[in-house]
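Below is one structure, written out as structure tokens; the observations come after it.
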Amino acid sequence: GGGPPGGGGVFWGSWGGLGGGGGKRWWGGGRRAGARWGGGWGGAAVKCRGCELHCHATQTVFGAGPGDAKVMFIGEQPGDHEDRTGTPFVGPAGRLLDEALAEAGIERAEVYLTNAVKHFKFEPRGERRIHSRPSAGEIRACLPWLEAEVAALRPERIICLGSTAARAMWGPGFRVTQRRGEIIEHPWAKWAMATYHPSALLRTPDEARRKAMRAEFVGDLRKVMR
């Protein structure tokens, strides 16, 4: 299927989401997602065939974080490290995010991290797997999963990291370059904001520009704590 099974209370109950207990439940992705989340949603996520990305990715990579997290970060898609481990934001971009979160006074253990697209899209180059941007159709195919995560978590604040996540929330016309750091109303949370994806900083060759982007990035993250 291309999205969460069932609907309403039956669906949430089968998944074991917040409505059935809340508290410090920890959600995590990987091959054991079905066991961690309960049969309904987790099992369907592992078997999702909503687009062609599952054909070459190692596994579905869902979000991870405490079940009572008030802040949700949405990135683009798993990278090579995430695809192998089944955990979001554990590669170079994840390490940069960790540094920026710490600098902004945010505990990574207290936030929920996920991606707009749940499978790694890449181009093979020899023994390497090079990231490839998800298409609009692939983003749409994964949108029901993202909506289900948001509905279960009910975060107060959502931070979109990069254009793919932002367009999943606000549509294809959204431009991070024009609205980065702006607090925007959204039905999914009390407020939402888009900023750089940490990988954008890693890809910026000019050192002065990279430092400026990092300062802007950390400044945006500090708004979460206000």
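Ordering of the structure tokens sets the chain letters (A, B, ...); residue numbers start at 1 within each chain; ligands are numbered from 1 in the order shown.
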Checklist line | Residue contacts of region 154-169 of chain A (10 Å, only C-alpha atoms) excluding same-chain residues fewer than 6 positions away, as a VMD selection string | finding: chain A and resid 18 67 to 77 97 111 to 117 133 to 136 139 to 140 142 to 143 146 to 148 175 to 177 180 to 181 183 to 200 217 220 to 221 224
Output C-alpha atoms for every residue in that selection, as a PDB file, in the first residue's frame.
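Okay, part-v3.pdb is ready:
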```pdb
ATOM      1  CA  LEU A  18      -0.043   8.665  21.865  1.00  0.00           C
ATOM      2  CA  GLY A  67       6.312  10.005  22.127  1.00  0.00           C
ATOM      3  CA  ASP A  68       5.613  13.216  24.027  1.00  0.00           C
ATOM      4  CA  ALA A  69       7.976  15.419  22.003  1.00  0.00           C
ATOM      5  CA  LYS A  70       6.686  18.971  21.522  1.00  0.00           C
ATOM      6  CA  VAL A  71       9.070  19.704  18.664  1.00  0.00           C
ATOM      7  CA  MET A  72       9.227  17.807  15.373  1.00  0.00           C
ATOM      8  CA  PHE A  73      11.966  18.174  12.766  1.00  0.00           C
ATOM      9  CA  ILE A  74      11.244  17.035   9.207  1.00  0.00           C
ATOM     10  CA  GLY A  75      14.104  16.454   6.787  1.00  0.00           C
ATOM     11  CA  GLU A  76      14.148  15.317   3.178  1.00  0.00           C
ATOM     12  CA  GLN A  77      14.906  11.581   3.092  1.00  0.00           C
ATOM     13  CA  LEU A  97      22.437  18.922  13.166  1.00  0.00           C
ATOM     14  CA  VAL A 111      12.753  16.182  19.873  1.00  0.00           C
ATOM     15  CA  TYR A 112      11.278  13.936  17.191  1.00  0.00           C
ATOM     16  CA  LEU A 113      13.227  13.580  13.945  1.00  0.00           C
ATOM     17  CA  THR A 114      11.757  12.260  10.732  1.00  0.00           C
ATOM     18  CA  ASN A 115      11.849  12.747   6.950  1.00  0.00           C
ATOM     19  CA  ALA A 116       9.288  13.647   4.325  1.00  0.00           C
ATOM     20  CA  VAL A 117      10.335  10.590   2.281  1.00  0.00           C
ATOM     21  CA  ARG A 133      16.435  14.421  -4.800  1.00  0.00           C
ATOM     22  CA  PRO A 134      12.964  12.850  -4.415  1.00  0.00           C
ATOM     23  CA  SER A 135      10.423  13.691  -7.095  1.00  0.00           C
ATOM     24  CA  ALA A 136       7.106  15.403  -6.444  1.00  0.00           C
ATOM     25  CA  ILE A 139       6.921  13.112  -1.882  1.00  0.00           C
ATOM     26  CA  ARG A 140       3.160  12.721  -2.442  1.00  0.00           C
ATOM     27  CA  CYS A 142       4.990   9.371   1.408  1.00  0.00           C
ATOM     28  CA  LEU A 143       2.768  12.228   2.554  1.00  0.00           C
ATOM     29  CA  LEU A 146       4.126  11.970   7.435  1.00  0.00           C
ATOM     30  CA  GLU A 147       0.586  13.121   8.152  1.00  0.00           C
ATOM     31  CA  ALA A 148       0.047  10.049  10.316  1.00  0.00           C
ATOM     32  CA  ARG A 175      10.692  28.693  -1.370  1.00  0.00           C
ATOM     33  CA  VAL A 176      12.957  28.281   1.645  1.00  0.00           C
ATOM     34  CA  THR A 177      15.243  30.984   0.272  1.00  0.00           C
ATOM     35  CA  ARG A 180      13.576  30.834   5.838  1.00  0.00           C
ATOM     36  CA  GLY A 181      13.210  31.433   9.561  1.00  0.00           C
ATOM     37  CA  ILE A 183       7.114  31.578  11.778  1.00  0.00           C
ATOM     38  CA  ILE A 184       4.163  30.356   9.723  1.00  0.00           C
ATOM     39  CA  GLU A 185       0.757  29.078  10.795  1.00  0.00           C
ATOM     40  CA  HIS A 186      -0.084  25.530   9.793  1.00  0.00           C
ATOM     41  CA  PRO A 187      -2.878  23.069  10.692  1.00  0.00           C
ATOM     42  CA  TRP A 188      -0.321  20.487  11.802  1.00  0.00           C
ATOM     43  CA  ALA A 189       1.078  22.528  14.716  1.00  0.00           C
ATOM     44  CA  LYS A 190       0.817  25.806  16.621  1.00  0.00           C
ATOM     45  CA  TRP A 191       3.573  27.142  14.412  1.00  0.00           C
ATOM     46  CA  ALA A 192       5.951  25.900  11.786  1.00  0.00           C
ATOM     47  CA  MET A 193       9.149  27.144  10.225  1.00  0.00           C
ATOM     48  CA  ALA A 194      11.463  26.231   7.362  1.00  0.00           C
ATOM     49  CA  THR A 195      15.224  26.534   7.452  1.00  0.00           C
ATOM     50  CA  TYR A 196      18.275  25.033   5.807  1.00  0.00           C
ATOM     51  CA  HIS A 197      18.857  21.323   5.671  1.00  0.00           C
ATOM     52  CA  PRO A 198      22.220  20.681   7.344  1.00  0.00           C
ATOM     53  CA  SER A 199      23.413  18.936   4.179  1.00  0.00           C
ATOM     54  CA  ALA A 200      23.104  22.293   2.382  1.00  0.00           C
ATOM     55  CA  PHE A 217      20.722  27.982  10.879  1.00  0.00           C
ATOM     56  CA  ASP A 220      16.541  29.721  13.371  1.00  0.00           C
ATOM     57  CA  LEU A 221      16.818  26.765  15.755  1.00  0.00           C
ATOM     58  CA  VAL A 224      12.242  26.876  18.958  1.00  0.00           C
TER      59      VAL A 224
END
```
Next item on the list: Extract, using only C-alpha atoms, all DNA, RNA and protein residues at most 6 Å from Pro78 (chain A), discarding same-chain residues fewer than 4 positions from it, and format them as a ChimeraX atom specification.
Entry: /A:82-83,120
Take the residues that were just selected and, keeping N, CA and C atoms, output them as a PDB file, in the first residue's frame.
```pdb
ATOM      1  N   GLU A  82      21.705   6.412   7.132  1.00  0.00           N
ATOM      2  CA  GLU A  82      20.369   6.165   7.689  1.00  0.00           C
ATOM      3  C   GLU A  82      19.732   4.924   7.069  1.00  0.00           C
ATOM      4  N   ASP A  83      19.934   4.751   5.777  1.00  0.00           N
ATOM      5  CA  ASP A  83      19.377   3.585   5.090  1.00  0.00           C
ATOM      6  C   ASP A  83      19.972   2.300   5.636  1.00  0.00           C
ATOM      7  N   PHE A 120      15.532   5.771   0.950  1.00  0.00           N
ATOM      8  CA  PHE A 120      16.709   6.435   0.391  1.00  0.00           C
ATOM      9  C   PHE A 120      16.669   6.363  -1.133  1.00  0.00           C
TER      10      PHE A 120
END
```
Check: In Å, how far is it from CA of Ala215 (chain A) to CA of Gly105 (chain A)?
Finding: 13.9 Å
